[in-house]
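Student: Provided herewith: data-v8.csv, CSV, C-alpha atoms and all ligand atoms.
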chain,number,residue,atom,x,y,z
A,1,MET,CA,0.0,0.0,0.0
A,2,THR,CA,2.7,2.5,1.0
A,3,ILE,CA,4.6,1.6,-2.1
A,4,SER,CA,1.6,2.2,-4.4
A,5,VAL,CA,0.9,5.5,-2.7
A,6,SER,CA,4.4,6.7,-3.1
A,7,GLN,CA,4.5,5.5,-6.7
A,8,ALA,CA,1.3,7.3,-7.3
A,9,PHE,CA,2.9,10.6,-6.3
A,10,SER,CA,6.1,10.3,-8.1
A,11,LEU,CA,7.3,11.5,-11.5
A,12,SER,CA,9.6,10.0,-14.1
A,13,ASP,CA,12.7,12.0,-15.2
A,14,ASP,CA,10.9,12.9,-18.4
A,15,GLU,CA,8.0,14.3,-16.4
A,16,LEU,CA,10.3,16.2,-14.0
A,17,ALA,CA,11.5,18.1,-17.0
A,18,LEU,CA,8.0,19.3,-17.7
A,19,LEU,CA,7.5,21.0,-14.4
A,20,PRO,CA,7.5,24.8,-14.3
A,21,SER,CA,10.9,26.2,-13.8
A,22,ASP,CA,11.6,28.8,-11.0
A,23,ASP,CA,11.2,31.5,-13.6
A,24,ASP,CA,7.8,30.0,-14.6
A,25,VAL,CA,6.7,30.0,-11.0
A,26,GLU,CA,7.8,33.6,-10.7
A,27,HIS,CA,5.9,34.5,-13.9
A,28,TYR,CA,2.7,32.9,-12.6
A,29,ALA,CA,3.1,34.8,-9.3
A,30,ARG,CA,3.5,38.1,-11.3
A,31,HIS,CA,1.0,37.6,-14.1
A,32,GLY,CA,-1.6,35.2,-12.6
A,33,TRP,CA,-1.4,32.7,-15.5
A,34,TYR,CA,1.0,30.2,-16.9
A,35,LEU,CA,1.1,28.2,-20.2
A,36,THR,CA,2.4,24.7,-19.6
A,37,LYS,CA,4.7,22.4,-21.6
A,38,LYS,CA,3.1,19.4,-23.3
A,39,LEU,CA,1.7,17.4,-20.3
A,40,PHE,CA,-0.6,15.0,-22.2
A,41,THR,CA,0.4,12.8,-25.1
A,42,ASP,CA,-1.7,13.0,-28.2
A,43,ASP,CA,-3.1,9.6,-27.3
A,44,GLU,CA,-4.3,10.9,-23.9
A,45,VAL,CA,-5.9,14.0,-25.5
A,46,ASP,CA,-7.6,11.8,-28.2
A,47,GLU,CA,-9.0,9.6,-25.5
A,48,LEU,CA,-10.4,12.7,-23.8
A,49,VAL,CA,-12.3,13.5,-27.0
A,50,ALA,CA,-13.5,9.9,-27.4
A,51,ALA,CA,-14.5,9.6,-23.8
A,52,SER,CA,-16.3,13.0,-23.9
A,53,GLU,CA,-18.3,11.9,-27.0
A,54,ARG,CA,-19.3,8.7,-25.1
A,55,PHE,CA,-20.3,10.9,-22.2
A,56,TYR,CA,-22.4,13.1,-24.4
A,57,ALA,CA,-24.1,9.9,-25.7
A,58,GLY,CA,-25.1,9.1,-22.2
A,59,GLU,CA,-22.2,7.0,-20.8
A,60,ARG,CA,-21.7,7.4,-17.0
A,61,SER,CA,-19.5,5.5,-14.6
A,62,ARG,CA,-21.8,6.7,-11.8
A,63,THR,CA,-24.1,9.7,-11.3
A,64,LEU,CA,-24.4,12.2,-8.5
A,65,PRO,CA,-26.7,10.8,-5.7
A,66,ILE,CA,-28.6,14.1,-5.6
A,67,ARG,CA,-28.7,17.1,-7.9
A,68,PRO,CA,-27.0,20.1,-6.2
A,69,PRO,CA,-28.8,23.5,-6.4
A,70,ARG,CA,-26.6,25.2,-9.0
A,71,LEU,CA,-25.3,22.3,-11.1
A,72,ALA,CA,-24.2,23.1,-14.7
A,73,TYR,CA,-25.5,20.1,-16.6
A,74,TRP,CA,-26.2,20.3,-20.3
A,75,ASP,CA,-29.0,18.1,-21.7
A,76,PRO,CA,-29.8,17.5,-25.4
A,77,SER,CA,-33.1,19.3,-24.9
A,78,HIS,CA,-31.1,22.5,-24.3
A,79,GLY,CA,-30.0,22.4,-28.0
A,80,ASP,CA,-26.9,23.8,-29.6
A,81,VAL,CA,-25.8,26.1,-26.8
A,82,GLN,CA,-22.5,26.0,-24.9
A,83,ARG,CA,-22.4,22.7,-22.9
A,84,HIS,CA,-21.1,22.5,-19.3
A,85,HIS,CA,-21.0,19.4,-17.2
A,86,ASP,CA,-19.8,19.8,-13.6
A,87,TYR,CA,-18.4,16.9,-11.6
A,88,VAL,CA,-17.1,15.1,-14.8
A,89,HIS,CA,-14.2,13.7,-12.7
A,90,TYR,CA,-16.9,11.9,-10.6
A,91,GLU,CA,-19.2,10.8,-13.3
A,92,SER,CA,-16.7,9.6,-15.9
A,93,ASP,CA,-13.8,7.3,-14.9
A,94,PRO,CA,-12.3,7.3,-18.4
A,95,ILE,CA,-12.0,11.1,-18.2
A,96,ALA,CA,-10.9,11.1,-14.6
A,97,ARG,CA,-8.2,8.6,-15.2
A,98,ILE,CA,-6.5,11.0,-17.6
A,99,LEU,CA,-7.2,14.2,-15.7
A,100,ARG,CA,-5.8,12.7,-12.5
A,101,LYS,CA,-2.3,12.2,-14.1
A,102,PRO,CA,0.0,13.1,-11.1
A,103,LEU,CA,2.0,15.4,-13.4
A,104,ILE,CA,-0.9,17.8,-13.6
A,105,GLY,CA,-1.1,18.0,-9.8
A,106,ALA,CA,2.7,18.4,-9.5
A,107,VAL,CA,2.6,21.4,-11.9
A,108,ALA,CA,-0.2,22.9,-9.8
A,109,ALA,CA,1.7,22.3,-6.6
A,110,ARG,CA,4.7,24.2,-7.9
A,111,LEU,CA,2.6,27.1,-9.0
A,112,ALA,CA,0.6,27.3,-5.9
A,113,LYS,CA,3.6,26.6,-3.7
A,114,ALA,CA,1.6,23.9,-1.9
A,115,ASP,CA,2.5,20.4,-0.8
A,116,GLU,CA,-0.8,18.9,-1.6
A,117,ILE,CA,-3.3,19.5,-4.4
A,118,ARG,CA,-6.8,18.1,-4.5
A,119,VAL,CA,-9.5,18.3,-7.1
A,120,PHE,CA,-12.1,20.9,-6.3
A,121,GLN,CA,-14.3,20.7,-9.4
A,122,SER,CA,-14.1,19.7,-13.0
A,123,THR,CA,-16.4,21.0,-15.8
A,124,LEU,CA,-16.5,19.4,-19.2
A,125,ILE,CA,-17.1,22.2,-21.8
A,126,TYR,CA,-18.2,22.2,-25.4
A,127,LYS,CA,-18.6,25.3,-27.5
A,128,PRO,CA,-20.4,24.5,-30.7
A,129,PRO,CA,-19.0,26.1,-33.9
A,130,ILE,CA,-21.7,28.7,-34.3
A,131,VAL,CA,-20.3,32.2,-34.6
A,132,GLY,CA,-23.3,34.1,-33.2
A,133,GLU,CA,-24.2,31.7,-30.4
A,134,PRO,CA,-24.5,34.0,-27.4
A,135,SER,CA,-23.9,31.3,-24.8
A,136,ASN,CA,-20.4,30.7,-26.2
A,137,VAL,CA,-19.2,34.0,-24.8
A,138,VAL,CA,-17.8,33.7,-21.3
A,139,PRO,CA,-17.9,37.1,-19.6
A,140,TRP,CA,-15.1,38.4,-17.4
A,141,HIS,CA,-15.0,36.8,-14.0
A,142,PHE,CA,-12.7,35.3,-11.5
A,143,ASP,CA,-13.3,31.9,-10.0
A,144,ARG,CA,-12.7,32.9,-6.4
A,145,HIS,CA,-16.1,34.7,-6.5
A,146,TYR,CA,-17.8,31.3,-6.8
A,147,TRP,CA,-15.8,29.8,-4.0
A,148,SER,CA,-16.5,32.1,-1.1
A,149,PRO,CA,-17.2,29.1,1.2
A,150,CYS,CA,-13.5,28.2,0.7
A,151,THR,CA,-10.7,29.4,3.1
A,152,SER,CA,-8.0,29.3,0.5
A,153,GLU,CA,-6.8,32.4,-1.5
A,154,ASN,CA,-4.5,30.1,-3.4
A,155,MET,CA,-6.8,27.9,-5.5
A,156,LEU,CA,-6.2,27.6,-9.2
A,157,THR,CA,-7.6,26.3,-12.5
A,158,ALA,CA,-6.2,24.3,-15.3
A,159,PHE,CA,-7.9,25.0,-18.6
A,160,ILE,CA,-7.4,21.9,-20.7
A,161,PRO,CA,-8.4,22.0,-24.4
A,162,PHE,CA,-8.7,18.7,-26.3
A,163,HIS,CA,-7.0,20.1,-29.4
A,164,ASP,CA,-4.9,23.1,-30.6
A,165,CYS,CA,-6.9,26.0,-29.2
A,166,GLY,CA,-6.3,29.5,-30.4
A,167,GLU,CA,-8.2,32.8,-30.8
A,168,GLU,CA,-10.4,31.6,-33.6
A,169,MET,CA,-11.9,28.9,-31.4
A,170,GLY,CA,-12.6,31.4,-28.5
A,171,THR,CA,-9.8,30.2,-26.3
A,172,ILE,CA,-9.6,31.3,-22.7
A,173,THR,CA,-8.2,34.9,-22.3
A,174,MET,CA,-6.5,36.2,-19.2
A,175,VAL,CA,-6.4,39.7,-17.8
A,176,ASP,CA,-2.8,40.0,-17.1
A,177,GLY,CA,-1.8,40.5,-13.5
A,178,SER,CA,-5.4,41.1,-12.4
A,179,HIS,CA,-5.1,38.6,-9.5
A,180,ARG,CA,-3.0,41.3,-7.7
A,181,TRP,CA,-5.7,44.0,-8.1
A,182,GLU,CA,-7.5,45.3,-5.1
A,183,GLU,CA,-11.2,44.8,-5.7
A,184,ILE,CA,-13.8,47.4,-5.6
A,185,LEU,CA,-17.6,47.1,-6.0
A,186,ARG,CA,-17.6,43.9,-4.0
A,187,ASP,CA,-21.3,43.2,-3.4
A,188,ASP,CA,-23.5,40.2,-3.1
A,189,THR,CA,-23.9,39.7,-6.9
A,190,THR,CA,-20.2,38.8,-7.4
A,191,THR,CA,-20.9,35.3,-5.8
A,192,LYS,CA,-23.3,34.6,-8.6
A,193,HIS,CA,-22.1,32.5,-11.6
A,194,PHE,CA,-21.4,34.5,-14.8
A,195,ALA,CA,-24.3,32.6,-16.6
A,196,GLU,CA,-26.7,34.3,-14.1
A,197,ARG,CA,-25.4,37.8,-14.6
A,198,ASP,CA,-25.6,40.6,-17.1
A,199,ARG,CA,-22.6,40.5,-19.5
A,200,ASN,CA,-22.3,44.2,-19.9
A,201,ASP,CA,-22.2,44.6,-16.1
A,202,LEU,CA,-19.2,42.3,-16.1
A,203,GLU,CA,-17.4,44.3,-18.8
A,204,VAL,CA,-18.0,47.5,-16.8
A,205,MET,CA,-16.9,45.8,-13.6
A,206,LEU,CA,-13.6,44.9,-15.2
A,207,ALA,CA,-13.0,48.4,-16.5
A,208,GLU,CA,-13.8,50.0,-13.1
A,209,ASN,CA,-11.6,47.6,-11.2
A,210,ALA,CA,-8.7,48.3,-13.5
A,211,ALA,CA,-9.2,52.1,-13.2
A,212,TYR,CA,-9.3,51.8,-9.4
A,213,ASN,CA,-6.0,50.0,-9.6
A,214,HIS,CA,-4.5,52.6,-12.0
A,215,VAL,CA,-3.8,50.0,-14.7
A,216,GLU,CA,-4.8,49.2,-18.2
A,217,VAL,CA,-6.7,46.0,-19.0
A,218,VAL,CA,-4.2,43.8,-20.8
A,219,LYS,CA,-6.0,40.8,-22.3
A,220,VAL,CA,-3.8,37.8,-23.2
A,221,PRO,CA,-5.4,35.0,-25.2
A,222,MET,CA,-4.0,31.6,-24.3
A,223,VAL,CA,-2.8,30.0,-27.6
A,224,ILE,CA,-2.7,26.4,-26.4
A,225,PRO,CA,-1.2,23.6,-28.5
A,226,LYS,CA,-2.7,20.1,-28.2
A,227,GLY,CA,-1.5,18.4,-24.9
A,228,HIS,CA,-0.6,21.7,-23.3
A,229,MET,CA,-2.8,23.6,-20.9
A,230,SER,CA,-3.1,27.0,-19.2
A,231,PHE,CA,-3.3,27.6,-15.4
A,232,HIS,CA,-4.9,30.7,-13.8
A,233,HIS,CA,-4.9,31.9,-10.2
A,234,CYS,CA,-8.4,32.1,-8.5
A,235,ARG,CA,-8.4,35.9,-8.6
A,236,THR,CA,-7.2,36.3,-12.2
A,237,TYR,CA,-10.0,37.8,-14.4
A,238,HIS,CA,-10.6,35.7,-17.5
A,239,GLY,CA,-13.2,35.1,-20.1
A,240,SER,CA,-13.5,33.9,-23.7
A,241,GLY,CA,-15.1,34.8,-27.1
A,242,PRO,CA,-17.1,33.1,-29.8
A,243,ASN,CA,-16.0,30.0,-31.6
A,244,ARG,CA,-15.4,31.2,-35.1
A,245,SER,CA,-13.8,28.0,-36.3
A,246,ASP,CA,-15.6,25.1,-38.0
A,247,LYS,CA,-15.0,22.6,-35.2
A,248,PRO,CA,-16.4,22.4,-31.6
A,249,ARG,CA,-14.1,23.8,-28.9
A,250,ARG,CA,-13.8,21.0,-26.4
A,251,ALA,CA,-12.1,21.4,-23.0
A,252,VAL,CA,-12.2,20.6,-19.3
A,253,SER,CA,-11.9,23.4,-16.7
A,254,PHE,CA,-10.1,21.6,-13.9
A,255,HIS,CA,-10.5,23.5,-10.6
A,256,LEU,CA,-7.9,22.7,-8.0
A,257,GLN,CA,-7.5,23.4,-4.3
A,258,ASP,CA,-4.3,23.4,-2.2
A,259,GLY,CA,-4.2,21.0,0.7
A,260,ALA,CA,-5.0,23.7,3.3
A,261,ASN,CA,-8.3,24.6,1.8
A,262,GLU,CA,-11.4,24.1,4.0
A,263,TYR,CA,-15.0,25.1,4.2
A,264,ARG,CA,-15.8,28.3,6.0
A,265,ARG,CA,-19.2,29.9,6.7
A,266,PHE,CA,-19.6,32.9,4.4
A,267,GLU,CA,-22.6,35.3,4.8
A,268,LEU,CA,-24.0,37.8,2.4
A,269,SER,CA,-25.1,41.2,3.7
A,270,THR,CA,-28.6,39.8,3.9
A,271,GLY,CA,-27.4,37.2,6.4
A,272,ASP,CA,-27.9,34.4,3.8
A,273,VAL,CA,-25.1,31.8,3.9
A,274,VAL,CA,-23.4,31.2,0.5
A,275,THR,CA,-23.2,27.5,-0.4
A,276,TYR,CA,-21.2,25.6,-3.0
A,277,ASN,CA,-22.7,22.6,-4.7
A,278,HIS,CA,-20.3,20.3,-2.7
A,279,ASP,CA,-22.1,21.2,0.5
A,280,VAL,CA,-25.0,18.9,-0.2
A,281,LEU,CA,-22.7,16.0,-1.4
A,282,VAL,CA,-19.6,15.7,0.6
A,283,ARG,CA,-19.2,14.1,4.0
A,284,ARG,CA,-18.9,16.2,7.2
A,285,THR,CA,-15.8,17.2,9.2
A,286,GLU,CA,-15.7,16.3,12.9
A,287,ASP,CA,-17.1,19.8,13.7
A,288,GLY,CA,-20.0,19.4,11.2
A,289,ARG,CA,-18.8,21.4,8.2
A,290,PRO,CA,-18.8,20.2,4.6
A,291,ASP,CA,-15.5,18.3,4.1
A,292,TYR,CA,-13.7,19.6,1.0
A,293,SER,CA,-11.2,16.7,1.3
A,294,ASP,CA,-13.9,14.0,0.9
A,295,PRO,CA,-12.0,11.6,-1.4
A,296,GLU,CA,-15.2,10.7,-3.3
A,297,TYR,CA,-15.6,14.2,-4.7
A,298,CYS,CA,-12.3,16.0,-4.0
A,299,PRO,CA,-9.6,13.3,-4.4
A,300,VAL,CA,-5.9,14.1,-3.8
A,301,LEU,CA,-4.2,14.7,-7.1
A,302,TRP,CA,-0.7,15.3,-5.8
A,303,ARG,CA,1.2,15.2,-2.5
A,304,THR,CA,4.9,16.2,-2.6
A,305,PRO,CA,6.8,13.2,-1.3
B,401,LIG,O1,-14.4,28.2,-21.2
B,401,LIG,C1,-13.7,29.2,-21.0
B,401,LIG,O2,-13.2,29.8,-22.0
B,401,LIG,C2,-13.5,29.7,-19.6
B,401,LIG,C3,-13.5,28.7,-18.6
B,401,LIG,C4,-13.4,29.2,-17.2
B,401,LIG,O3,-14.0,30.2,-16.8
B,401,LIG,C5,-12.4,28.6,-16.3
B,401,LIG,O4,-11.6,27.7,-16.7
B,401,LIG,O5,-12.3,29.0,-15.1
B,402,FE,FE,-13.6,30.7,-14.7
Can you turn what I pasted into structure tokens?
Tutor:
Amino acid sequence: MTISVSQAFSLSDDELALLPSDDDVEHYARHGWYLTKKLFTDDEVDELVAASERFYAGERSRTLPIRPPRLAYWDPSHGDVQRHHDYVHYESDPIARILRKPLIGAVAARLAKADEIRVFQSTLIYKPPIVGEPSNVVPWHFDRHYWSPCTSENMLTAFIPFHDCGEEMGTITMVDGSHRWEEILRDDTTTKHFAERDRNDLEVMLAENAAYNHVEVVKVPMVIPKGHMSFHHCRTYHGSGPNRSDKPRRAVSFHLQDGANEYRRFELSTGDVVTYNHDVLVRRTEDGRPDYSDPEYCPVLWRTP
């Protein structure tokens, strides 16, 4: 058992060469994003495409025991809009097997300067190749806003496309250095998911936050070759545009937590307590809080030996 655990969290020499260098870690700290080397083989990426097609056709390894209140979960009856499926690491073993490659967690651990990395969430994403499809546009937001019941300020996301992904496909675009901005206009609405909010409001919010910080908004589209991925800090503003190519843009957004992250009670000004979907799924800690280290939903991806 000990042997398999230590093997699970070890890297080959080839993999060690794919970790971010000290300069890369410094770049991430300064800019709030990082483009990785080639972490997945072409075969692994092709398997993600095949497994996601089987998922869209209805294949599940298991399904969530209950439907959480704000689950993103596309159904064919929704038609040709952007598809999101939360908890894909839970529902699809073939996809999870690839996403849980220790190298991905090891890269995240270097960037977050953490000894342990656990899965927080994973969303399977599909942008249909329809230029004018409004749901394909992802308005400016940062992920920390959805994670107010988390204690960590250090969480991060890997955006993993299943093919070369550039501007034409509406790749993820980072607002450079925005994770270091001081935030104004923090109100109860920021905890709402971007899909529930007005797009123009979010464009204005970005501009006002930049002005407050005396900086220009510098948008950096992540041009991501097949097998590579981008990482962004949980306070880095990001969004993405339409898919103007003739192929679907396929990806997983792989949200990760550092080992220290825990549930905290977070109240809005109304006194309402903000919940995350996990809160109705995961086991409880000894003191009765949702346990964000429940291995069923939040498995350990990497532990530095
Ligand atoms: O699909 C996109 O372009 C953005 C995804 C996103 O918001 C994220 O990875 O956190
Ligand atoms: Fe996001």
Student: Using Å and a single decimal, report how far CA of Ser253 (chain A) sits from CA of Phe40 (chain A).
Tutor: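 So the two atoms, CA of Phe40 (chain A) and CA of Ser253 (chain A), lie 15.1 Å apart.
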Student: Which residue, A:Thr171, A:Thr157, A:Thr270, A:Ser21, has the smallest gap to Met222 (chain A) when you use all atoms listed in the file?
Tutor: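 Under the stated criterion, the closest residue is A:Thr171.
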Student: Tell me which protein, DNA and RNA residues are within 6 Å of Arg118 (chain A), counting all atoms listed in the file, leaving out same-chain ones fewer than 3 positions away, and put them as a VMD selection string.
Tutor: chain A and resid 256 to 257 298 to 301
Student: Within 8 Å of Ser230 (chain A), counting only C-alpha atoms, which residues show up once you throw out same-chain ones fewer than 6 positions away? Write them as a compact mmCIF listing (two decimals) with C-alpha atoms, in the coordinates of the input, please.
Tutor:
# COMPACT_ATOMS: atom_id res chain seq x y z
CA TRP A 33 -1.40 32.70 -15.50
CA TYR A 34 1.00 30.20 -16.90
CA LEU A 35 1.10 28.20 -20.20
CA THR A 36 2.40 24.70 -19.60
CA ALA A 158 -6.20 24.30 -15.30
CA PHE A 159 -7.90 25.00 -18.60
CA ILE A 160 -7.40 21.90 -20.70
CA MET A 222 -4.00 31.60 -24.30
CA ILE A 224 -2.70 26.40 -26.40
Student: Which residues sit within 7 Å of ligand FE 402 (chain B), counting only C-alpha atoms and all ligand atoms, listed as a ChimeraX atom specification?
Tutor: /A:141-143,238-239
Student: Identify, on the basis of only C-alpha atoms, every residue whose closest approach to Val88 (chain A) does not exceed 12 Å; exclude the query and any residue fewer than 6 positions from it along the same chain; express the result as a PyMOL selection string.
Tutor: chain A and resi 48+51-52+55-56+59-64+71-74+94-100+119-125+251-255+297-298
Student: Any chance you can output those residues with C-alpha atoms as a short mmCIF file (atom, residue, chain, number, x, y, z; two decimals), in the frame of the given file?
Tutor:
data_model
loop_
_atom_site.label_atom_id
_atom_site.label_comp_id
_atom_site.auth_asym_id
_atom_site.auth_seq_id
_atom_site.Cartn_x
_atom_site.Cartn_y
_atom_site.Cartn_z
CA LEU A 48 -10.40 12.70 -23.80
CA ALA A 51 -14.50 9.60 -23.80
CA SER A 52 -16.30 13.00 -23.90
CA PHE A 55 -20.30 10.90 -22.20
CA TYR A 56 -22.40 13.10 -24.40
CA GLU A 59 -22.20 7.00 -20.80
CA ARG A 60 -21.70 7.40 -17.00
CA SER A 61 -19.50 5.50 -14.60
CA ARG A 62 -21.80 6.70 -11.80
CA THR A 63 -24.10 9.70 -11.30
CA LEU A 64 -24.40 12.20 -8.50
CA LEU A 71 -25.30 22.30 -11.10
CA ALA A 72 -24.20 23.10 -14.70
CA TYR A 73 -25.50 20.10 -16.60
CA TRP A 74 -26.20 20.30 -20.30
CA PRO A 94 -12.30 7.30 -18.40
CA ILE A 95 -12.00 11.10 -18.20
CA ALA A 96 -10.90 11.10 -14.60
CA ARG A 97 -8.20 8.60 -15.20
CA ILE A 98 -6.50 11.00 -17.60
CA LEU A 99 -7.20 14.20 -15.70
CA ARG A 100 -5.80 12.70 -12.50
CA VAL A 119 -9.50 18.30 -7.10
CA PHE A 120 -12.10 20.90 -6.30
CA GLN A 121 -14.30 20.70 -9.40
CA SER A 122 -14.10 19.70 -13.00
CA THR A 123 -16.40 21.00 -15.80
CA LEU A 124 -16.50 19.40 -19.20
CA ILE A 125 -17.10 22.20 -21.80
CA ALA A 251 -12.10 21.40 -23.00
CA VAL A 252 -12.20 20.60 -19.30
CA SER A 253 -11.90 23.40 -16.70
CA PHE A 254 -10.10 21.60 -13.90
CA HIS A 255 -10.50 23.50 -10.60
CA TYR A 297 -15.60 14.20 -4.70
CA CYS A 298 -12.30 16.00 -4.00
#
Student: Return the single residue from A:Arg264, A:His214, A:Lys101, A:His145 that is closest to ligand LIG 401 (chain B), with distances computed using all atoms listed in the file.
Tutor: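 Between A:Arg264, A:His214, A:Lys101, A:His145, the residue approaching ligand LIG 401 (chain B) most closely is A:His145.
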Student: Can you tell me how far CA of Val218 (chain A) sits from CA of Arg244 (chain A), in Å to one decimal?
Tutor: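 A separation of 22.1 Å between them.
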Student: For each of A:Ala57, A:Ile66, A:Val25, A:Val137, take the minimum atom-to-atom distance to Leu111 (chain A), counting only C-alpha atoms, then give the residue where this is smallest.
Tutor: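 Of all the options, A:Val25 lies closest to Leu111 (chain A).
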Student: List the neighbours of region 279-286 of chain A out to 8 Å using all atoms listed in the file; skip same-chain residues closer than 4 positions along the sequence, and give me the result as JSON, numbers by chain.
Tutor: {"A": [65, 66, 68, 275, 290, 291, 292, 294, 296, 297]}
Student: Pick out the closest residue to Val204 (chain A) from this set: A:Ala114, A:Gly58, A:Asn136, A:Ile184. Count all atoms listed in the file.
Tutor: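 The closest residue to Val204 (chain A) is A:Ile184.
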Student: Would you please work out which residue, of A:Tyr146, A:Tyr237, A:Phe266, A:Tyr276, is nearest to Ser178 (chain A) when using only C-alpha atoms?
Tutor: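 With only C-alpha atoms as the atom set, the closest residue is A:Tyr237.
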Student: Looking at A:Ile130, A:Cys234, A:Ala109, A:Val81, which one is nearest to Cys150 (chain A), with distances taken over only C-alpha atoms?
Tutor: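 Of A:Ile130, A:Cys234, A:Ala109, A:Val81, the one nearest Cys150 (chain A) is A:Cys234, counting only C-alpha atoms.
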Student: Which value, in Å to one decimal, gives the distance between CA of Ala112 (chain A) and CA of Asn209 (chain A)?
Tutor: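 Between CA of Ala112 (chain A) and CA of Asn209 (chain A) the gap is 24.3 Å.
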Student: Quick one: everything within 9 Å of region 192-194 of chain A, counting all atoms listed in the file, minus sequence neighbours fewer than 2 positions away in the same chain. Send it as a list in words.
Tutor: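 What passes the distance filter is Arg70, Val138, Pro139, Trp140, His141, Asp143, His145, Tyr146, Asp188, Thr189, Thr190, Glu196, Arg197, Asp198, Arg199 and Leu202 of chain A.
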Student: Could you pull region 230-288 of chain A out of the structure I just pasted and write it to a file containing C-alpha atoms, as a tab-separated table (two decimals), in the first residue's frame?
Tutor:
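For reference, part21.tsv as written:
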chain	number	residue	atom	x	y	z
A	230	SER	CA	-3.07	27.02	-19.16
A	231	PHE	CA	-3.30	27.65	-15.42
A	232	HIS	CA	-4.88	30.67	-13.78
A	233	HIS	CA	-4.95	31.93	-10.22
A	234	CYS	CA	-8.37	32.06	-8.54
A	235	ARG	CA	-8.36	35.87	-8.59
A	236	THR	CA	-7.22	36.28	-12.21
A	237	TYR	CA	-9.96	37.77	-14.39
A	238	HIS	CA	-10.62	35.69	-17.50
A	239	GLY	CA	-13.24	35.11	-20.15
A	240	SER	CA	-13.53	33.93	-23.74
A	241	GLY	CA	-15.11	34.84	-27.06
A	242	PRO	CA	-17.14	33.11	-29.76
A	243	ASN	CA	-16.03	29.96	-31.56
A	244	ARG	CA	-15.43	31.20	-35.09
A	245	SER	CA	-13.83	27.95	-36.28
A	246	ASP	CA	-15.63	25.09	-38.04
A	247	LYS	CA	-15.01	22.64	-35.16
A	248	PRO	CA	-16.36	22.44	-31.61
A	249	ARG	CA	-14.10	23.84	-28.89
A	250	ARG	CA	-13.75	21.00	-26.38
A	251	ALA	CA	-12.13	21.40	-22.97
A	252	VAL	CA	-12.16	20.63	-19.30
A	253	SER	CA	-11.89	23.35	-16.72
A	254	PHE	CA	-10.07	21.60	-13.88
A	255	HIS	CA	-10.46	23.55	-10.64
A	256	LEU	CA	-7.90	22.67	-7.98
A	257	GLN	CA	-7.50	23.36	-4.26
A	258	ASP	CA	-4.35	23.41	-2.19
A	259	GLY	CA	-4.21	20.96	0.74
A	260	ALA	CA	-4.96	23.68	3.31
A	261	ASN	CA	-8.33	24.62	1.82
A	262	GLU	CA	-11.37	24.09	4.04
A	263	TYR	CA	-15.01	25.07	4.22
A	264	ARG	CA	-15.82	28.34	5.99
A	265	ARG	CA	-19.19	29.90	6.71
A	266	PHE	CA	-19.63	32.89	4.37
A	267	GLU	CA	-22.57	35.26	4.80
A	268	LEU	CA	-24.00	37.81	2.38
A	269	SER	CA	-25.06	41.23	3.66
A	270	THR	CA	-28.58	39.79	3.89
A	271	GLY	CA	-27.37	37.18	6.37
A	272	ASP	CA	-27.90	34.38	3.83
A	273	VAL	CA	-25.13	31.81	3.88
A	274	VAL	CA	-23.41	31.17	0.53
A	275	THR	CA	-23.23	27.50	-0.39
A	276	TYR	CA	-21.21	25.60	-2.95
A	277	ASN	CA	-22.67	22.56	-4.71
A	278	HIS	CA	-20.35	20.29	-2.71
A	279	ASP	CA	-22.14	21.23	0.49
A	280	VAL	CA	-25.04	18.85	-0.22
A	281	LEU	CA	-22.74	16.05	-1.45
A	282	VAL	CA	-19.58	15.72	0.61
A	283	ARG	CA	-19.15	14.08	4.01
A	284	ARG	CA	-18.93	16.24	7.16
A	285	THR	CA	-15.83	17.15	9.16
A	286	GLU	CA	-15.74	16.30	12.88
A	287	ASP	CA	-17.11	19.75	13.70
A	288	GLY	CA	-19.97	19.36	11.22
